[in-house]
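Next comes coords17.pdb, with PDB, C-alpha atoms, pLDDT in the B column.
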```
ATOM      1  CA  GLN A   5      62.707 104.871 127.563  1.00 88.00           C
ATOM      2  CA  VAL A   6      61.730 101.223 127.380  1.00 92.00           C
ATOM      3  CA  GLN A   7      64.212  98.393 126.953  1.00 95.00           C
ATOM      4  CA  LEU A   8      63.155  95.045 125.519  1.00 96.00           C
ATOM      5  CA  ALA A   9      65.036  91.802 126.132  1.00 95.00           C
ATOM      6  CA  GLU A  10      64.146  88.814 123.967  1.00 95.00           C
ATOM      7  CA  SER A  11      64.958  85.181 124.601  1.00 94.00           C
ATOM      8  CA  GLY A  12      64.026  81.715 123.365  1.00 95.00           C
ATOM      9  CA  GLY A  13      65.199  81.571 119.774  1.00 93.00           C
ATOM     10  CA  GLY A  14      67.163  78.686 118.331  1.00 96.00           C
ATOM     11  CA  LEU A  15      67.467  75.947 115.752  1.00 97.00           C
ATOM     12  CA  VAL A  16      64.653  73.423 115.511  1.00 97.00           C
ATOM     13  CA  GLN A  17      63.380  70.844 113.062  1.00 98.00           C
ATOM     14  CA  PRO A  18      60.187  71.288 111.043  1.00 98.00           C
ATOM     15  CA  GLY A  19      57.120  70.506 113.113  1.00 98.00           C
ATOM     16  CA  ALA A  20      58.774  71.442 116.393  1.00 98.00           C
ATOM     17  CA  SER A  21      57.761  74.151 118.861  1.00 98.00           C
ATOM     18  CA  LEU A  22      59.518  77.128 120.382  1.00 98.00           C
ATOM     19  CA  ARG A  23      58.523  79.741 122.909  1.00 98.00           C
ATOM     20  CA  LEU A  24      59.863  83.284 122.690  1.00 98.00           C
ATOM     21  CA  SER A  25      59.825  85.696 125.611  1.00 98.00           C
ATOM     22  CA  CYS A  26      60.281  89.455 125.710  1.00 98.00           C
ATOM     23  CA  ALA A  27      60.616  91.352 128.968  1.00 96.00           C
ATOM     24  CA  ALA A  28      60.205  95.115 129.056  1.00 95.00           C
ATOM     25  CA  SER A  29      62.038  97.305 131.547  1.00 91.00           C
ATOM     26  CA  GLY A  30      62.498 101.002 132.167  1.00 88.00           C
ATOM     27  CA  ASN A  31      59.515 103.340 131.829  1.00 83.00           C
ATOM     28  CA  THR A  32      56.845 100.639 131.492  1.00 80.00           C
ATOM     29  CA  ILE A  33      54.009 102.602 133.118  1.00 80.00           C
ATOM     30  CA  ARG A  34      50.919 102.460 130.874  1.00 83.00           C
ATOM     31  CA  LEU A  35      52.759 100.340 128.335  1.00 88.00           C
ATOM     32  CA  GLY A  36      50.625  99.886 125.251  1.00 92.00           C
ATOM     33  CA  ALA A  37      50.480  97.075 122.759  1.00 95.00           C
ATOM     34  CA  MET A  38      53.311  94.576 122.610  1.00 97.00           C
ATOM     35  CA  GLY A  39      54.082  92.167 119.851  1.00 97.00           C
ATOM     36  CA  TRP A  40      56.388  90.282 117.560  1.00 98.00           C
ATOM     37  CA  TYR A  41      57.569  90.986 114.041  1.00 98.00           C
ATOM     38  CA  ARG A  42      59.991  88.991 111.929  1.00 98.00           C
ATOM     39  CA  GLN A  43      62.370  89.586 109.080  1.00 98.00           C
ATOM     40  CA  ALA A  44      63.750  86.900 106.814  1.00 96.00           C
ATOM     41  CA  PRO A  45      66.810  87.485 104.616  1.00 92.00           C
ATOM     42  CA  GLY A  46      65.917  89.627 101.612  1.00 94.00           C
ATOM     43  CA  LYS A  47      62.398  90.289 102.861  1.00 96.00           C
ATOM     44  CA  GLN A  48      60.638  93.131 104.620  1.00 97.00           C
ATOM     45  CA  ARG A  49      59.819  92.988 108.303  1.00 96.00           C
ATOM     46  CA  GLU A  50      56.328  91.576 108.780  1.00 97.00           C
ATOM     47  CA  LEU A  51      53.771  91.302 111.544  1.00 98.00           C
ATOM     48  CA  VAL A  52      53.693  88.053 113.472  1.00 98.00           C
ATOM     49  CA  ALA A  53      51.351  88.910 116.332  1.00 98.00           C
ATOM     50  CA  THR A  54      50.394  91.740 118.647  1.00 98.00           C
ATOM     51  CA  ILE A  55      48.501  91.949 121.918  1.00 97.00           C
ATOM     52  CA  THR A  56      47.061  94.957 123.718  1.00 95.00           C
ATOM     53  CA  SER A  57      47.232  95.509 127.452  1.00 92.00           C
ATOM     54  CA  ARG A  58      43.638  94.256 127.618  1.00 94.00           C
ATOM     55  CA  GLY A  59      44.478  91.050 125.780  1.00 95.00           C
ATOM     56  CA  ASN A  60      43.143  91.772 122.302  1.00 97.00           C
ATOM     57  CA  THR A  61      45.260  89.947 119.740  1.00 98.00           C
ATOM     58  CA  ASP A  62      46.070  90.185 116.055  1.00 98.00           C
ATOM     59  CA  TYR A  63      48.017  87.693 113.938  1.00 98.00           C
ATOM     60  CA  GLY A  64      49.709  87.622 110.582  1.00 97.00           C
ATOM     61  CA  ASP A  65      47.917  85.363 108.103  1.00 96.00           C
ATOM     62  CA  SER A  66      50.846  82.953 107.785  1.00 95.00           C
ATOM     63  CA  VAL A  67      50.942  82.116 111.510  1.00 97.00           C
ATOM     64  CA  LYS A  68      47.272  81.995 112.440  1.00 95.00           C
ATOM     65  CA  ASP A  69      46.288  78.689 114.109  1.00 93.00           C
ATOM     66  CA  ARG A  70      49.969  77.837 114.752  1.00 98.00           C
ATOM     67  CA  PHE A  71      51.266  80.687 116.919  1.00 98.00           C
ATOM     68  CA  THR A  72      49.792  82.074 120.129  1.00 98.00           C
ATOM     69  CA  ILE A  73      50.708  85.390 121.730  1.00 98.00           C
ATOM     70  CA  SER A  74      50.144  86.035 125.420  1.00 98.00           C
ATOM     71  CA  ARG A  75      51.091  88.678 127.930  1.00 97.00           C
ATOM     72  CA  ASP A  76      51.766  88.998 131.639  1.00 95.00           C
ATOM     73  CA  ASN A  77      51.095  92.636 132.520  1.00 93.00           C
ATOM     74  CA  ALA A  78      52.442  92.212 136.039  1.00 93.00           C
ATOM     75  CA  LYS A  79      55.807  91.186 134.593  1.00 94.00           C
ATOM     76  CA  ASP A  80      55.676  93.465 131.506  1.00 94.00           C
ATOM     77  CA  THR A  81      56.439  90.369 129.477  1.00 96.00           C
ATOM     78  CA  VAL A  82      55.037  89.072 126.209  1.00 97.00           C
ATOM     79  CA  TYR A  83      55.326  85.502 124.980  1.00 98.00           C
ATOM     80  CA  LEU A  84      55.029  83.862 121.593  1.00 98.00           C
ATOM     81  CA  GLN A  85      54.263  80.148 121.526  1.00 98.00           C
ATOM     82  CA  MET A  86      55.170  78.798 118.090  1.00 98.00           C
ATOM     83  CA  ASN A  87      53.915  75.354 117.120  1.00 98.00           C
ATOM     84  CA  SER A  88      54.189  73.324 113.923  1.00 98.00           C
ATOM     85  CA  LEU A  89      57.154  75.379 112.793  1.00 98.00           C
ATOM     86  CA  LYS A  90      57.968  75.438 109.094  1.00 97.00           C
ATOM     87  CA  PRO A  91      61.196  76.304 107.268  1.00 97.00           C
ATOM     88  CA  GLU A  92      59.506  79.481 106.048  1.00 96.00           C
ATOM     89  CA  ASP A  93      59.223  80.634 109.662  1.00 98.00           C
ATOM     90  CA  THR A  94      63.004  81.072 109.680  1.00 98.00           C
ATOM     91  CA  ALA A  95      63.743  84.704 110.452  1.00 98.00           C
ATOM     92  CA  VAL A  96      64.980  87.132 113.058  1.00 98.00           C
ATOM     93  CA  TYR A  97      62.116  87.765 115.436  1.00 98.00           C
ATOM     94  CA  TYR A  98      61.849  91.248 116.946  1.00 98.00           C
ATOM     95  CA  CYS A  99      59.884  92.251 120.001  1.00 98.00           C
ATOM     96  CA  ASN A 100      57.976  95.533 119.799  1.00 97.00           C
ATOM     97  CA  ALA A 101      56.287  97.667 122.428  1.00 96.00           C
ATOM     98  CA  VAL A 102      54.385 100.920 122.269  1.00 94.00           C
ATOM     99  CA  GLY A 103      55.170 103.326 125.084  1.00 89.00           C
ATOM    100  CA  ARG A 104      52.727 105.567 126.931  1.00 84.00           C
ATOM    101  CA  PHE A 105      53.245 108.430 124.458  1.00 88.00           C
ATOM    102  CA  GLY A 106      53.019 106.249 121.374  1.00 87.00           C
ATOM    103  CA  ASN A 107      56.762 105.695 120.935  1.00 91.00           C
ATOM    104  CA  ASN A 108      57.754 102.438 119.255  1.00 94.00           C
ATOM    105  CA  TYR A 109      60.470 100.408 120.940  1.00 95.00           C
ATOM    106  CA  TRP A 110      62.274  97.411 119.467  1.00 97.00           C
ATOM    107  CA  GLY A 111      64.360  94.597 120.851  1.00 97.00           C
ATOM    108  CA  GLN A 112      67.613  93.492 119.278  1.00 96.00           C
ATOM    109  CA  GLY A 113      66.055  90.395 117.757  1.00 96.00           C
ATOM    110  CA  THR A 114      66.397  86.663 118.254  1.00 97.00           C
ATOM    111  CA  GLN A 115      67.146  84.178 115.487  1.00 97.00           C
ATOM    112  CA  VAL A 116      64.721  81.351 114.799  1.00 98.00           C
ATOM    113  CA  THR A 117      65.892  78.734 112.321  1.00 98.00           C
ATOM    114  CA  VAL A 118      63.695  75.850 111.207  1.00 98.00           C
ATOM    115  CA  SER A 119      65.660  73.246 109.315  1.00 97.00           C
ATOM    116  CA  SER A 120      66.096  69.495 109.084  1.00 95.00           C
TER     117      SER A 120
END
```

Entire entry expressed as structure tokens:
Amino acid sequence: QVQLAESGGGLVQPGASLRLSCAASGNTIRLGAMGWYRQAPGKQRELVATITSRGNTDYGDSVKDRFTISRDNAKDTVYLQMNSLKPEDTAVYYCNAVGRFGNNYWGQGTQVTVSS
């Protein structure tokens, strides 16, 4: 089993920045890709960004050039730096990790609200 603990959400104004963190614990040996997804009210969960253990990244179209995902393999932690936040970025952000046998693990989510 892998447990994921997210932190860093909050309420910010448009144009501001936030940094999310997600630390994995438990059976983290040979942990696979880690990433972030988000879900806004009334919408489906969507990809924000993912990163493999080797550092290969993928981003959702709506966050490219504004968000940056990074990873510290020694700490089993993934980060999401969010710049130039927009009201449409408001959502619950979920951390995801793929375990050594391909299992998908999810965090409990952290709320990000962008509003003036």

Proximity to Gly30 of chain A - best of A:Ser88, A:Thr94, A:Arg70, A:Arg104, only C-alpha atoms
A:Arg104

Minimum-distance residue to Tyr83 of chain A, chosen among A:Gln5, A:Ser120, A:Gln17, A:Ser25 (using only C-alpha atoms)
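Closest candidate: A:Ser25.
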
Which polymer residues, whether protein, DNA or RNA, lie within 7 Å of the coordinate (57.7, 75.2, 116.0) when you count all atoms listed in the file? List them as a PyMOL selection string, using the chain letters and numbers from the file.
chain A and resi 18-22+86-90

The selected residues should be written to file as a tab-separated table (two decimals), keeping the file's coordinate frame (atoms: C-alpha atoms).
```
chain	number	residue	atom	x	y	z
A	18	PRO	CA	60.19	71.29	111.04
A	19	GLY	CA	57.12	70.51	113.11
A	20	ALA	CA	58.77	71.44	116.39
A	21	SER	CA	57.76	74.15	118.86
A	22	LEU	CA	59.52	77.13	120.38
A	86	MET	CA	55.17	78.80	118.09
A	87	ASN	CA	53.92	75.35	117.12
A	88	SER	CA	54.19	73.32	113.92
A	89	LEU	CA	57.15	75.38	112.79
A	90	LYS	CA	57.97	75.44	109.09
```

Distance of atom CA of Ala78 of chain A from atom CA of Glu50 of chain A, expressed in Å to one decimal place:
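According to the coordinates, atom CA of Glu50 of chain A and atom CA of Ala78 of chain A are separated by 27.5 Å.
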
Taking the file as shown, what set of residues would the PyMOL selection byres ((chain A and resi 45) around 10) give back, as a ChimeraX atom specification?
/A:43-44,46-49,94-96

Generate the output file for the selected residues, C-alpha atoms, as a compact mmCIF listing (two decimals), in the frame of the given file.
```txt
# COMPACT_ATOMS: atom_id res chain seq x y z
CA GLN A 43 62.37 89.59 109.08
CA ALA A 44 63.75 86.90 106.81
CA GLY A 46 65.92 89.63 101.61
CA LYS A 47 62.40 90.29 102.86
CA GLN A 48 60.64 93.13 104.62
CA ARG A 49 59.82 92.99 108.30
CA THR A 94 63.00 81.07 109.68
CA ALA A 95 63.74 84.70 110.45
CA VAL A 96 64.98 87.13 113.06
```

Give me the residues within 8 Å of Val82 of chain A as a PyMOL selection string, counting all atoms listed in the file and dropping any in the same chain fewer than 5 places off.
chain A and resi 25-27+38-39+73-76

Starting from the PyMOL selection byres ((chain A and resi 63-68) around 8), expand the selection into actual residues of this file and give them as a list in words.
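Evaluating the PyMOL selection byres ((chain A and resi 63-68) around 8) on this file yields Glu50, Leu51, Val52, Ala53, Thr54, Thr61, Asp62, Asp69, Arg70 and Phe71 of chain A.
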
Run through the PyMOL selection byres ((chain A and resi 9) around 7) on the given coordinates and return the selected residues as a VMD selection string.
chain A and resid 7 to 8 10 to 11 26 to 28 111

Between atom CA of Lys79 of chain A and atom CA of Tyr41 of chain A, distance in Å (one decimal):
20.6 Å

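Pairwise distance (atom CA of Val118 of chain A, atom CA of Gly13 of chain A) equals 10.4 Å.
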
Let me have the centre and edge lengths of the axis-aligned box enclosing all listed atoms of segment 57-73 of chain A with 8 Å padding on every side, in Å to one decimal, as AutoDock Vina command-line options.
```
--center_x 47.2 --center_y 86.7 --center_z 117.7 --size_x 24.1 --size_y 33.7 --size_z 35.8
```

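Compared by their closest atoms to Gln85 of chain A, and using only C-alpha atoms, the residues A:Gly113, A:Leu24, A:Tyr97, A:Leu15 rank with A:Leu24 nearest.
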
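Between Cys99 of chain A and the residues A:Thr114, A:Asn77, A:Thr72, A:Thr32, the shortest atom-to-atom distance, using all atoms listed in the file, involves A:Thr114.
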
What's the 10 Å shell around Phe105 of chain A, counting all atoms listed in the file, without same-chain residues fewer than 5 positions away, as a PyMOL selection string?
chain A and resi 34-36

Best match for closeness to Tyr98 of chain A among A:Gly59, A:Gly14, A:Gln112, A:Ser119, counting only C-alpha atoms
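Closest residue, counting only C-alpha atoms: A:Gln112.
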
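Restricting the calculation to only C-alpha atoms, the smallest distance between Thr56 of chain A and any of A:Asn100, A:Ala37, A:Asn107, A:Gln115 is found for A:Ala37.
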